[in-house]
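First the structure, in the form of structure tokens, and then the observations on it.
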Amino acid sequence: SDAAAEIAPDLERVQTVRGFVALARFRPRQAEEAFRRAITLDSSSPLPRFGLGLARVRQGDVARGRNDIEVATGLDPNRSLLRSYLGKAYFAERREPLAGEQYAIAKELDPRDPTPWFYDAILKQSENRPVEALRDLERSVELNDNRAVYRSRLLLDKDRATRQVSVGSIYDDLGFEQLGVNEASRSLALDPGNASAHRFLADVYGPESRTEVARSSQLLQAQLLQDVTINPVPPSLAETRLSIPSGSLGQSGFNEFSSIFERNQVQLNLTGLAGNNQTYGNEAVVSAVHDGLSLSAGQFHYQTDGFRANNDLRHDIYNVFAQAALSPTLNVQAEVRSRRTETGDLNLNFDPDVFSRTRDRDLDQDTARIGARYSPSPRTDVLASLIYSDRNDKFSEAPSESDFDVREKLAGWQGETQWIYRRQSFSTQAGLGAYTVDRTLRLRADGGAFAANSKGDIDQYNGYVYGHVSMPSDVTWTLGLGFDSYSNDGDHLHLLTPKLGVQWQLTDAVRLRTAVGRFLRPALVAEQTLQPTHIAGFNQFYDDSLGTKSWLYGIGLDTRVTPRLYAGVEATRRNLDEITFTGGDRRTEDVHESAAQAYLYWAVHEEWALTGEVRYDVYEYDDGSFDKPDEVRTFSTPIGVRYFNPNGIFAGAGVSWVSQDVQRGGGSSFPDGDDSFYLVDAGVGYRFPHRRGLVSVGVRNLLDHEFKYQDDSFRIGGDRDEPALNPLIPERTIVGRIVLSF
């Protein structure tokens with residue numbers, strides 16, 4: 001553009017192009033100057049006026065920018081794209097009716113343009129109309145290929161990936177969680193460098209048990225791939241094993257209250273929570289964007305006495321995040337997090353009356369990381385991440401027949417890099433990682449009669465390559481191969497980890513997914529990694545013990561029966577070689593996990609959605625242990641209904657029938673048996689106008705049923721005795737929540 005300006009400085013189109021180039025380089029004032037020059041040269045051209053509006057919006061002057069876009073639209077009233085962006089400007093000013101009018105006009109002017117359908121879906125979602133939003137977004141995806149007229153195929157695929165992520169987020173609002181995971185994984189097969197897809201997958205993993213490492217890893221990848229943004233990162237989202245029930249803090253995405261126009265601004269998001277059992281919490285994030293720099297700082301607090309004695313929990317988390325676009329191709333970022341956690345005995349060991357009244361656990365962890373993304377071309381991204389973490393864990397039992405005190409310190413570095421390359425029909429991810437952890441362990445038991453101290457290192461080096469190939473066009477193959485070198489206290493392991501996944505679009509409405517792969521649980525210092533966490537929609541990162549080897553087998557079929565009715569089935573099998581400690585000895589034991597589920601989701605009406613699922617889970621432990629069950633079989637059938645009114649009111653109710661059979665060996669000190677029960681949940685809320693937030697009240701276990709249930713804490717054990725996320729509580733719990741955005 002500079003060379004063209006030297007040759008023809010008085011040509012309007014040259015100055016207009018210079019303006020858009022400056023916008024891409026995060027130089028809005030330079031862009032404004034170029035657009036003004038172009039308008040002087042040709043005041044009848046709509047394009048420089050449109051660019052001037054974008055430059056002013058980018059600088060935070062939405063009113064003047066919207067006025068310029070209005071002028072551009074007046075100069076060319078029949079251009080659908082200008083109407084879509086004028087609607088975006090009205091949306092940024094919280095003038096939703098005017099935005100909707102512009103989107104409707106844009107749809108009429110160019111019925112083949114997906115853009116107005118996409119933005120109108122976001123508008124309807126903000127107006128508490130998720131069923132209508134789902135319809136518009138699916139229409140946007142259907143029309144997306146029409147953008148090939150003026151977009152390259154590569155950018156076309158990135159557009160489709162972004163749209164499918166948006167469809168996924170609305171599935172989440174409707175309670176269509178499995179479809180959300182499917183859509184996010186589909187998006188990542190189209191474009192593994194899509195930040196929105198990674199962020200959405202992190203969000204939908206939130207309420208799922210034993211996928212917390214996958215969730216926090218998806219968040220890390222989203223952060224490294226994202227452009228400078230006002231969208232905040234809640235402090236709680238990057239942490240694992242918080243053991244906070246779904247529907248509490250962190251469950252409503254702050255992003256849904258953000259503008260779809262990036263501009264210089266400051267934003268404040270607040271969440272408050274209160275409930276029975278002395279439950280209180282809050283989360284606050286302030287974020288700001290100025291040209292190519294974004295900053296955010298947040299704090300998170302949660303406390304509860306729990307439903308029984310010594311069931312208390314307290315978290316305090318703080319984070320500061322900064323990102324800078326040094327150039328259009330280079331982004332750098334840094335983050336610091338600090339966490340303090342205090343807990344009693346949170347585990348459910350089948351009988352809720354079997355617990356420790358004196359167990360106490362304190363966790364202090366400080367984490368710092370730096371990262372960078374280099375994008376030398378639209379086809380290529382290079383990511384780099386370096387994380388340092390210092391973790392101090394204290395686990396103790398007060399004087400009793402089995403008193404003990406364990407203190408563990410883990411301090412280490414984690415360095416990773418990943419290369420992402422995309423073409424029309426295939427994409428590649430290749431990465432290297434190095435993890436080193438210094439571990440110090442001190443054990444005191446039996447009133448000090450027994451004492452032991454140990455010090456050692458955990459080291460791991462790995463490399464991997466994944467390829468996504470569409471051949472033929474309706475079949476996407478995922479092929480991967482990794483190598484891990486793992487060392488823990490003198491034990492060495494070298495392992496090849498092959499992966500194979502297939503996603504086959506049998507018809508427009510039916511998709512078959514299947515996967516097989518080997519995996520090694522890495523020694524992550526901060527429970528985050530750049531490695532791909534899923535294969536063809538199947539999660540491969542589970543919260544197993546460090547160093548656990550596993551094989552994963554999965555198959556699933558997803559169908560769209562009618563435009564509003566979705567159904568699917570999925571089955572997985574995992575064979576694990578799990579590392580455990582018995583009497584101070586370290587050994588490998590065989591574990592088998594099988595799971596199957598079927599779902600039926602129905603958008604009955606524009607204001608109603610129904611969900612139904614059947615889930616079956618089997619855990620089998622071959623070698624027997626005093627603290628692990630030999631077998632756990634769990635069957636559940638959650639059914640729910642949700643209501644959304646355009647006036648802002650939303651409500652939901654659900655009933656779940658659960659049946660569980662727990663078997664233990666004769667030497668176990670924990671109870672076994674079987675129990676069957678049903679639970680009723682309900683909630684109601686109101687979404688404030690103009691994306692200002694929401695308020696809600698939810699009740700879990702409405703009928704206050706007592707029951708026996710074994711949670712997943714025994715699966716996470718190993719060298720970290722940490723609680724699992726438990727969605728079931730044998731007591732009525734009431735939680736009120738408010739979310740505010742300024």
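Convention: chains lettered A, B, ... in structure tokens order; per-chain residue numbering from 1; ligands numbered from 1 as shown.
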request  = May I have the residues within 8 Å of Ala571 in chain A as JSON, numbers by chain, using only C-alpha atoms and disregarding those fewer than 6 positions away in the same chain?
outcome  = {"A": [554, 555, 556, 594, 595, 596, 597]}
Emit the selected residues as a PDB file, in the first residue's frame, including all heavy atoms.
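Saved result, selection_23.pdb, follows:
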```pdb
ATOM      1  N   GLY A 554     -13.677 -45.619  21.074  1.00  0.00           N
ATOM      2  CA  GLY A 554     -14.962 -44.927  21.113  1.00  0.00           C
ATOM      3  C   GLY A 554     -15.687 -44.989  19.791  1.00  0.00           C
ATOM      4  O   GLY A 554     -15.064 -45.031  18.718  1.00  0.00           O
ATOM      5  N   ILE A 555     -17.021 -44.993  19.862  1.00  0.00           N
ATOM      6  CA  ILE A 555     -17.857 -44.935  18.668  1.00  0.00           C
ATOM      7  C   ILE A 555     -19.121 -44.169  19.018  1.00  0.00           C
ATOM      8  O   ILE A 555     -19.658 -44.297  20.133  1.00  0.00           O
ATOM      9  CB  ILE A 555     -18.198 -46.352  18.137  1.00  0.00           C
ATOM     10  CG1 ILE A 555     -18.946 -46.235  16.797  1.00  0.00           C
ATOM     11  CG2 ILE A 555     -18.981 -47.161  19.158  1.00  0.00           C
ATOM     12  CD1 ILE A 555     -19.078 -47.559  16.073  1.00  0.00           C
ATOM     13  N   GLY A 556     -19.584 -43.335  18.097  1.00  0.00           N
ATOM     14  CA  GLY A 556     -20.782 -42.537  18.345  1.00  0.00           C
ATOM     15  C   GLY A 556     -21.523 -42.258  17.048  1.00  0.00           C
ATOM     16  O   GLY A 556     -20.924 -42.202  15.964  1.00  0.00           O
ATOM     17  N   SER A 594     -15.832 -48.440  31.206  1.00  0.00           N
ATOM     18  CA  SER A 594     -16.739 -48.485  30.064  1.00  0.00           C
ATOM     19  C   SER A 594     -17.874 -47.510  30.307  1.00  0.00           C
ATOM     20  O   SER A 594     -18.365 -47.391  31.433  1.00  0.00           O
ATOM     21  CB  SER A 594     -17.305 -49.900  29.866  1.00  0.00           C
ATOM     22  OG  SER A 594     -16.278 -50.842  29.677  1.00  0.00           O
ATOM     23  N   ALA A 595     -18.280 -46.814  29.259  1.00  0.00           N
ATOM     24  CA  ALA A 595     -19.371 -45.851  29.398  1.00  0.00           C
ATOM     25  C   ALA A 595     -20.189 -45.843  28.119  1.00  0.00           C
ATOM     26  O   ALA A 595     -19.660 -46.019  27.017  1.00  0.00           O
ATOM     27  CB  ALA A 595     -18.834 -44.448  29.688  1.00  0.00           C
ATOM     28  N   ALA A 596     -21.484 -45.652  28.281  1.00  0.00           N
ATOM     29  CA  ALA A 596     -22.392 -45.542  27.138  1.00  0.00           C
ATOM     30  C   ALA A 596     -23.458 -44.524  27.470  1.00  0.00           C
ATOM     31  O   ALA A 596     -23.869 -44.385  28.632  1.00  0.00           O
ATOM     32  CB  ALA A 596     -23.026 -46.898  26.818  1.00  0.00           C
ATOM     33  N   GLN A 597     -23.891 -43.784  26.470  1.00  0.00           N
ATOM     34  CA  GLN A 597     -24.964 -42.828  26.689  1.00  0.00           C
ATOM     35  C   GLN A 597     -25.771 -42.652  25.411  1.00  0.00           C
ATOM     36  O   GLN A 597     -25.271 -42.839  24.303  1.00  0.00           O
ATOM     37  CB  GLN A 597     -24.425 -41.472  27.155  1.00  0.00           C
ATOM     38  CG  GLN A 597     -23.666 -40.693  26.104  1.00  0.00           C
ATOM     39  CD  GLN A 597     -23.423 -39.244  26.513  1.00  0.00           C
ATOM     40  OE1 GLN A 597     -23.976 -38.759  27.485  1.00  0.00           O
ATOM     41  NE2 GLN A 597     -22.596 -38.567  25.757  1.00  0.00           N
TER      42      GLN A 597
END
```
Hey, what's within 12 Å of Pro730 in chain A if we count only C-alpha atoms and toss same-chain stuff fewer than 6 positions away? As a PDB file with all heavy atoms, in the first residue's frame, please?
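Now in part24.pdb:
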```
ATOM      1  N   GLY A 306     -20.849 -26.894  53.740  1.00  0.00           N
ATOM      2  CA  GLY A 306     -21.195 -28.216  53.263  1.00  0.00           C
ATOM      3  C   GLY A 306     -22.419 -28.788  53.955  1.00  0.00           C
ATOM      4  O   GLY A 306     -23.020 -28.171  54.837  1.00  0.00           O
ATOM      5  N   PHE A 307     -22.799 -29.994  53.528  1.00  0.00           N
ATOM      6  CA  PHE A 307     -24.048 -30.586  54.021  1.00  0.00           C
ATOM      7  C   PHE A 307     -23.861 -31.440  55.266  1.00  0.00           C
ATOM      8  O   PHE A 307     -24.828 -31.955  55.821  1.00  0.00           O
ATOM      9  CB  PHE A 307     -24.697 -31.426  52.907  1.00  0.00           C
ATOM     10  CG  PHE A 307     -23.982 -32.720  52.620  1.00  0.00           C
ATOM     11  CD1 PHE A 307     -24.398 -33.900  53.216  1.00  0.00           C
ATOM     12  CD2 PHE A 307     -22.903 -32.766  51.755  1.00  0.00           C
ATOM     13  CE1 PHE A 307     -23.752 -35.101  52.959  1.00  0.00           C
ATOM     14  CE2 PHE A 307     -22.257 -33.951  51.488  1.00  0.00           C
ATOM     15  CZ  PHE A 307     -22.671 -35.127  52.088  1.00  0.00           C
ATOM     16  N   ARG A 308     -22.611 -31.629  55.719  1.00  0.00           N
ATOM     17  CA  ARG A 308     -22.364 -32.446  56.908  1.00  0.00           C
ATOM     18  C   ARG A 308     -21.156 -31.875  57.642  1.00  0.00           C
ATOM     19  O   ARG A 308     -20.525 -30.906  57.169  1.00  0.00           O
ATOM     20  CB  ARG A 308     -22.098 -33.902  56.508  1.00  0.00           C
ATOM     21  CG  ARG A 308     -20.803 -34.068  55.742  1.00  0.00           C
ATOM     22  CD  ARG A 308     -20.593 -35.464  55.216  1.00  0.00           C
ATOM     23  NE  ARG A 308     -19.322 -35.552  54.500  1.00  0.00           N
ATOM     24  CZ  ARG A 308     -18.990 -36.511  53.649  1.00  0.00           C
ATOM     25  NH1 ARG A 308     -19.864 -37.468  53.389  1.00  0.00           N
ATOM     26  NH2 ARG A 308     -17.815 -36.515  53.049  1.00  0.00           N
ATOM     27  N   LEU A 348     -17.660 -38.455  48.727  1.00  0.00           N
ATOM     28  CA  LEU A 348     -18.797 -39.324  49.017  1.00  0.00           C
ATOM     29  C   LEU A 348     -18.360 -40.769  48.773  1.00  0.00           C
ATOM     30  O   LEU A 348     -18.104 -41.166  47.645  1.00  0.00           O
ATOM     31  CB  LEU A 348     -19.989 -38.990  48.117  1.00  0.00           C
ATOM     32  CG  LEU A 348     -20.813 -37.754  48.469  1.00  0.00           C
ATOM     33  CD1 LEU A 348     -21.942 -37.574  47.462  1.00  0.00           C
ATOM     34  CD2 LEU A 348     -21.384 -37.855  49.876  1.00  0.00           C
ATOM     35  N   PHE A 350     -19.974 -43.726  49.080  1.00  0.00           N
ATOM     36  CA  PHE A 350     -21.229 -44.474  49.048  1.00  0.00           C
ATOM     37  C   PHE A 350     -22.143 -44.090  50.213  1.00  0.00           C
ATOM     38  O   PHE A 350     -23.216 -43.523  49.991  1.00  0.00           O
ATOM     39  CB  PHE A 350     -20.984 -45.980  49.012  1.00  0.00           C
ATOM     40  CG  PHE A 350     -22.232 -46.746  48.669  1.00  0.00           C
ATOM     41  CD1 PHE A 350     -22.826 -46.602  47.430  1.00  0.00           C
ATOM     42  CD2 PHE A 350     -22.821 -47.587  49.589  1.00  0.00           C
ATOM     43  CE1 PHE A 350     -23.999 -47.278  47.116  1.00  0.00           C
ATOM     44  CE2 PHE A 350     -23.984 -48.274  49.280  1.00  0.00           C
ATOM     45  CZ  PHE A 350     -24.573 -48.116  48.041  1.00  0.00           C
ATOM     46  N   ASP A 351     -21.761 -44.359  51.427  1.00  0.00           N
ATOM     47  CA  ASP A 351     -22.580 -43.984  52.576  1.00  0.00           C
ATOM     48  C   ASP A 351     -22.166 -42.586  53.036  1.00  0.00           C
ATOM     49  O   ASP A 351     -21.027 -42.382  53.449  1.00  0.00           O
ATOM     50  CB  ASP A 351     -22.384 -44.982  53.717  1.00  0.00           C
ATOM     51  CG  ASP A 351     -23.355 -44.763  54.871  1.00  0.00           C
ATOM     52  OD1 ASP A 351     -23.915 -43.647  54.977  1.00  0.00           O
ATOM     53  OD2 ASP A 351     -23.543 -45.695  55.666  1.00  0.00           O
ATOM     54  N   PRO A 352     -23.067 -41.591  52.966  1.00  0.00           N
ATOM     55  CA  PRO A 352     -22.665 -40.225  53.348  1.00  0.00           C
ATOM     56  C   PRO A 352     -22.274 -40.080  54.808  1.00  0.00           C
ATOM     57  O   PRO A 352     -21.653 -39.084  55.183  1.00  0.00           O
ATOM     58  CB  PRO A 352     -23.918 -39.390  53.020  1.00  0.00           C
ATOM     59  CG  PRO A 352     -25.042 -40.358  53.003  1.00  0.00           C
ATOM     60  CD  PRO A 352     -24.468 -41.658  52.527  1.00  0.00           C
ATOM     61  N   ASP A 353     -22.622 -41.072  55.649  1.00  0.00           N
ATOM     62  CA  ASP A 353     -22.243 -41.005  57.064  1.00  0.00           C
ATOM     63  C   ASP A 353     -20.845 -41.551  57.322  1.00  0.00           C
ATOM     64  O   ASP A 353     -20.360 -41.490  58.456  1.00  0.00           O
ATOM     65  CB  ASP A 353     -23.256 -41.792  57.911  1.00  0.00           C
ATOM     66  CG  ASP A 353     -24.632 -41.146  57.909  1.00  0.00           C
ATOM     67  OD1 ASP A 353     -24.697 -39.904  57.830  1.00  0.00           O
ATOM     68  OD2 ASP A 353     -25.637 -41.881  57.970  1.00  0.00           O
ATOM     69  N   PHE A 677     -32.399 -44.165  43.498  1.00  0.00           N
ATOM     70  CA  PHE A 677     -33.094 -42.978  43.984  1.00  0.00           C
ATOM     71  C   PHE A 677     -33.359 -42.045  42.819  1.00  0.00           C
ATOM     72  O   PHE A 677     -32.808 -42.211  41.726  1.00  0.00           O
ATOM     73  CB  PHE A 677     -32.257 -42.258  45.052  1.00  0.00           C
ATOM     74  CG  PHE A 677     -30.861 -41.914  44.608  1.00  0.00           C
ATOM     75  CD1 PHE A 677     -30.577 -40.684  44.027  1.00  0.00           C
ATOM     76  CD2 PHE A 677     -29.816 -42.824  44.764  1.00  0.00           C
ATOM     77  CE1 PHE A 677     -29.300 -40.351  43.606  1.00  0.00           C
ATOM     78  CE2 PHE A 677     -28.524 -42.507  44.348  1.00  0.00           C
ATOM     79  CZ  PHE A 677     -28.268 -41.275  43.773  1.00  0.00           C
ATOM     80  N   TYR A 678     -34.220 -41.077  43.044  1.00  0.00           N
ATOM     81  CA  TYR A 678     -34.467 -40.049  42.037  1.00  0.00           C
ATOM     82  C   TYR A 678     -34.330 -38.682  42.685  1.00  0.00           C
ATOM     83  O   TYR A 678     -34.581 -38.494  43.880  1.00  0.00           O
ATOM     84  CB  TYR A 678     -35.843 -40.220  41.384  1.00  0.00           C
ATOM     85  CG  TYR A 678     -37.020 -39.945  42.284  1.00  0.00           C
ATOM     86  CD1 TYR A 678     -37.578 -38.666  42.361  1.00  0.00           C
ATOM     87  CD2 TYR A 678     -37.574 -40.961  43.058  1.00  0.00           C
ATOM     88  CE1 TYR A 678     -38.657 -38.416  43.194  1.00  0.00           C
ATOM     89  CE2 TYR A 678     -38.653 -40.716  43.888  1.00  0.00           C
ATOM     90  CZ  TYR A 678     -39.190 -39.439  43.954  1.00  0.00           C
ATOM     91  OH  TYR A 678     -40.249 -39.185  44.783  1.00  0.00           O
ATOM     92  N   LEU A 679     -33.906 -37.714  41.887  1.00  0.00           N
ATOM     93  CA  LEU A 679     -33.682 -36.353  42.346  1.00  0.00           C
ATOM     94  C   LEU A 679     -34.443 -35.382  41.452  1.00  0.00           C
ATOM     95  O   LEU A 679     -34.547 -35.595  40.242  1.00  0.00           O
ATOM     96  CB  LEU A 679     -32.188 -36.005  42.314  1.00  0.00           C
ATOM     97  CG  LEU A 679     -31.266 -36.865  43.166  1.00  0.00           C
ATOM     98  CD1 LEU A 679     -29.808 -36.480  42.924  1.00  0.00           C
ATOM     99  CD2 LEU A 679     -31.607 -36.726  44.646  1.00  0.00           C
ATOM    100  N   VAL A 680     -34.944 -34.314  42.036  1.00  0.00           N
ATOM    101  CA  VAL A 680     -35.658 -33.281  41.306  1.00  0.00           C
ATOM    102  C   VAL A 680     -34.921 -31.962  41.496  1.00  0.00           C
ATOM    103  O   VAL A 680     -34.592 -31.583  42.632  1.00  0.00           O
ATOM    104  CB  VAL A 680     -37.114 -33.142  41.794  1.00  0.00           C
ATOM    105  CG1 VAL A 680     -37.825 -32.004  41.058  1.00  0.00           C
ATOM    106  CG2 VAL A 680     -37.865 -34.458  41.595  1.00  0.00           C
ATOM    107  N   ARG A 700     -31.271 -27.675  44.030  1.00  0.00           N
ATOM    108  CA  ARG A 700     -30.865 -29.046  43.716  1.00  0.00           C
ATOM    109  C   ARG A 700     -31.419 -29.977  44.784  1.00  0.00           C
ATOM    110  O   ARG A 700     -31.487 -29.637  45.961  1.00  0.00           O
ATOM    111  CB  ARG A 700     -29.332 -29.154  43.686  1.00  0.00           C
ATOM    112  CG  ARG A 700     -28.639 -28.143  42.774  1.00  0.00           C
ATOM    113  CD  ARG A 700     -28.986 -28.356  41.320  1.00  0.00           C
ATOM    114  NE  ARG A 700     -28.571 -29.652  40.832  1.00  0.00           N
ATOM    115  CZ  ARG A 700     -27.356 -29.902  40.316  1.00  0.00           C
ATOM    116  NH1 ARG A 700     -26.453 -28.941  40.234  1.00  0.00           N
ATOM    117  NH2 ARG A 700     -27.055 -31.104  39.876  1.00  0.00           N
ATOM    118  N   ASN A 701     -31.823 -31.164  44.360  1.00  0.00           N
ATOM    119  CA  ASN A 701     -32.436 -32.138  45.275  1.00  0.00           C
ATOM    120  C   ASN A 701     -33.619 -31.503  46.009  1.00  0.00           C
ATOM    121  O   ASN A 701     -33.680 -31.440  47.232  1.00  0.00           O
ATOM    122  CB  ASN A 701     -31.404 -32.673  46.275  1.00  0.00           C
ATOM    123  CG  ASN A 701     -31.877 -33.901  47.024  1.00  0.00           C
ATOM    124  OD1 ASN A 701     -32.996 -34.372  46.843  1.00  0.00           O
ATOM    125  ND2 ASN A 701     -31.028 -34.404  47.900  1.00  0.00           N
ATOM    126  N   LEU A 702     -34.560 -31.022  45.218  1.00  0.00           N
ATOM    127  CA  LEU A 702     -35.693 -30.252  45.728  1.00  0.00           C
ATOM    128  C   LEU A 702     -36.464 -30.976  46.818  1.00  0.00           C
ATOM    129  O   LEU A 702     -36.932 -30.366  47.798  1.00  0.00           O
ATOM    130  CB  LEU A 702     -36.629 -29.919  44.562  1.00  0.00           C
ATOM    131  CG  LEU A 702     -37.908 -29.142  44.879  1.00  0.00           C
ATOM    132  CD1 LEU A 702     -37.581 -27.737  45.364  1.00  0.00           C
ATOM    133  CD2 LEU A 702     -38.806 -29.077  43.645  1.00  0.00           C
ATOM    134  N   LEU A 703     -36.625 -32.289  46.711  1.00  0.00           N
ATOM    135  CA  LEU A 703     -37.416 -33.061  47.674  1.00  0.00           C
ATOM    136  C   LEU A 703     -36.592 -33.530  48.865  1.00  0.00           C
ATOM    137  O   LEU A 703     -37.098 -34.274  49.710  1.00  0.00           O
ATOM    138  CB  LEU A 703     -38.054 -34.258  46.965  1.00  0.00           C
ATOM    139  CG  LEU A 703     -38.951 -33.913  45.763  1.00  0.00           C
ATOM    140  CD1 LEU A 703     -39.548 -35.176  45.160  1.00  0.00           C
ATOM    141  CD2 LEU A 703     -40.048 -32.942  46.176  1.00  0.00           C
ATOM    142  N   ASP A 704     -35.341 -33.111  48.935  1.00  0.00           N
ATOM    143  CA  ASP A 704     -34.473 -33.386  50.088  1.00  0.00           C
ATOM    144  C   ASP A 704     -34.314 -34.889  50.335  1.00  0.00           C
ATOM    145  O   ASP A 704     -34.404 -35.364  51.468  1.00  0.00           O
ATOM    146  CB  ASP A 704     -35.015 -32.694  51.335  1.00  0.00           C
ATOM    147  CG  ASP A 704     -33.944 -32.520  52.410  1.00  0.00           C
ATOM    148  OD1 ASP A 704     -32.751 -32.546  52.065  1.00  0.00           O
ATOM    149  OD2 ASP A 704     -34.313 -32.377  53.596  1.00  0.00           O
ATOM    150  N   HIS A 705     -34.068 -35.656  49.258  1.00  0.00           N
ATOM    151  CA  HIS A 705     -33.892 -37.099  49.380  1.00  0.00           C
ATOM    152  C   HIS A 705     -32.494 -37.420  49.897  1.00  0.00           C
ATOM    153  O   HIS A 705     -31.503 -36.881  49.412  1.00  0.00           O
ATOM    154  CB  HIS A 705     -34.087 -37.771  48.032  1.00  0.00           C
ATOM    155  CG  HIS A 705     -35.516 -38.047  47.706  1.00  0.00           C
ATOM    156  ND1 HIS A 705     -35.925 -38.606  46.514  1.00  0.00           N
ATOM    157  CD2 HIS A 705     -36.645 -37.859  48.423  1.00  0.00           C
ATOM    158  CE1 HIS A 705     -37.241 -38.734  46.502  1.00  0.00           C
ATOM    159  NE2 HIS A 705     -37.693 -38.283  47.641  1.00  0.00           N
ATOM    160  N   GLU A 706     -32.410 -38.324  50.843  1.00  0.00           N
ATOM    161  CA  GLU A 706     -31.134 -38.880  51.252  1.00  0.00           C
ATOM    162  C   GLU A 706     -30.845 -40.112  50.395  1.00  0.00           C
ATOM    163  O   GLU A 706     -31.760 -40.846  50.013  1.00  0.00           O
ATOM    164  CB  GLU A 706     -31.156 -39.255  52.726  1.00  0.00           C
ATOM    165  CG  GLU A 706     -31.338 -38.061  53.656  1.00  0.00           C
ATOM    166  CD  GLU A 706     -31.291 -38.470  55.113  1.00  0.00           C
ATOM    167  OE1 GLU A 706     -31.083 -39.680  55.375  1.00  0.00           O
ATOM    168  OE2 GLU A 706     -31.459 -37.599  55.975  1.00  0.00           O
ATOM    169  N   PHE A 707     -29.588 -40.343  50.092  1.00  0.00           N
ATOM    170  CA  PHE A 707     -29.244 -41.480  49.252  1.00  0.00           C
ATOM    171  C   PHE A 707     -27.795 -41.873  49.499  1.00  0.00           C
ATOM    172  O   PHE A 707     -27.026 -41.142  50.148  1.00  0.00           O
ATOM    173  CB  PHE A 707     -29.454 -41.150  47.768  1.00  0.00           C
ATOM    174  CG  PHE A 707     -28.718 -39.915  47.298  1.00  0.00           C
ATOM    175  CD1 PHE A 707     -27.387 -39.989  46.913  1.00  0.00           C
ATOM    176  CD2 PHE A 707     -29.361 -38.689  47.244  1.00  0.00           C
ATOM    177  CE1 PHE A 707     -26.710 -38.857  46.480  1.00  0.00           C
ATOM    178  CE2 PHE A 707     -28.692 -37.551  46.812  1.00  0.00           C
ATOM    179  CZ  PHE A 707     -27.371 -37.639  46.426  1.00  0.00           C
ATOM    180  N   LYS A 708     -27.425 -43.029  48.966  1.00  0.00           N
ATOM    181  CA  LYS A 708     -26.052 -43.504  49.022  1.00  0.00           C
ATOM    182  C   LYS A 708     -25.463 -43.431  47.617  1.00  0.00           C
ATOM    183  O   LYS A 708     -26.085 -43.869  46.648  1.00  0.00           O
ATOM    184  CB  LYS A 708     -26.000 -44.940  49.545  1.00  0.00           C
ATOM    185  CG  LYS A 708     -26.463 -45.075  50.995  1.00  0.00           C
ATOM    186  CD  LYS A 708     -26.377 -46.517  51.467  1.00  0.00           C
ATOM    187  CE  LYS A 708     -26.808 -46.621  52.922  1.00  0.00           C
ATOM    188  NZ  LYS A 708     -26.733 -48.028  53.415  1.00  0.00           N
ATOM    189  N   TYR A 709     -24.242 -42.908  47.522  1.00  0.00           N
ATOM    190  CA  TYR A 709     -23.646 -42.694  46.204  1.00  0.00           C
ATOM    191  C   TYR A 709     -22.129 -42.651  46.344  1.00  0.00           C
ATOM    192  O   TYR A 709     -21.581 -42.036  47.278  1.00  0.00           O
ATOM    193  CB  TYR A 709     -24.158 -41.386  45.607  1.00  0.00           C
ATOM    194  CG  TYR A 709     -23.654 -41.096  44.211  1.00  0.00           C
ATOM    195  CD1 TYR A 709     -24.182 -41.763  43.111  1.00  0.00           C
ATOM    196  CD2 TYR A 709     -22.642 -40.158  43.995  1.00  0.00           C
ATOM    197  CE1 TYR A 709     -23.723 -41.505  41.825  1.00  0.00           C
ATOM    198  CE2 TYR A 709     -22.181 -39.899  42.712  1.00  0.00           C
ATOM    199  CZ  TYR A 709     -22.721 -40.577  41.639  1.00  0.00           C
ATOM    200  OH  TYR A 709     -22.267 -40.318  40.368  1.00  0.00           O
ATOM    201  N   GLN A 710     -21.448 -43.323  45.419  1.00  0.00           N
ATOM    202  CA  GLN A 710     -19.983 -43.291  45.352  1.00  0.00           C
ATOM    203  C   GLN A 710     -19.556 -42.319  44.259  1.00  0.00           C
ATOM    204  O   GLN A 710     -19.902 -42.495  43.091  1.00  0.00           O
ATOM    205  CB  GLN A 710     -19.430 -44.674  45.049  1.00  0.00           C
ATOM    206  CG  GLN A 710     -17.922 -44.717  44.831  1.00  0.00           C
ATOM    207  CD  GLN A 710     -17.147 -44.306  46.064  1.00  0.00           C
ATOM    208  OE1 GLN A 710     -17.268 -44.930  47.115  1.00  0.00           O
ATOM    209  NE2 GLN A 710     -16.357 -43.244  45.954  1.00  0.00           N
TER     210      GLN A 710
END
```
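Residues surrounding Met471 in chain A within 9 Å are Ser425, Phe426, Thr476 and Trp477 of chain A [only C-alpha atoms; sequence separation below 5 positions excluded].
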Residues within 7 Å of range 69-85 of chain A, please, as a compact mmCIF listing (two decimals) with C-alpha atoms, in the first residue's frame. Count only C-alpha atoms; anything in the same chain fewer than 2 positions from it doesn't count.
```
# COMPACT_ATOMS: atom_id res chain seq x y z
CA SER A 44 -19.47 9.67 -2.89
CA PRO A 46 -19.19 4.36 0.60
CA LEU A 47 -16.11 2.21 1.33
CA ARG A 49 -16.79 6.17 4.97
CA PHE A 50 -17.39 2.59 6.16
CA GLY A 53 -16.64 4.23 10.99
CA GLY A 65 -18.40 5.41 14.14
CA ARG A 66 -22.00 4.26 13.85
CA ASN A 67 -22.87 7.60 12.23
CA GLY A 87 -26.67 -3.71 12.85
CA LYS A 88 -23.46 -4.59 14.73
CA ALA A 89 -22.97 -0.92 15.56
CA GLN A 102 -30.81 -3.99 9.83
CA TYR A 103 -30.18 -7.73 9.96
CA ALA A 106 -29.54 -7.54 4.99
CA LEU A 109 -30.89 -7.89 0.11
CA ASP A 110 -28.66 -10.97 -0.13
CA THR A 115 -23.33 -12.82 7.85
CA PRO A 116 -26.68 -11.26 8.91
```
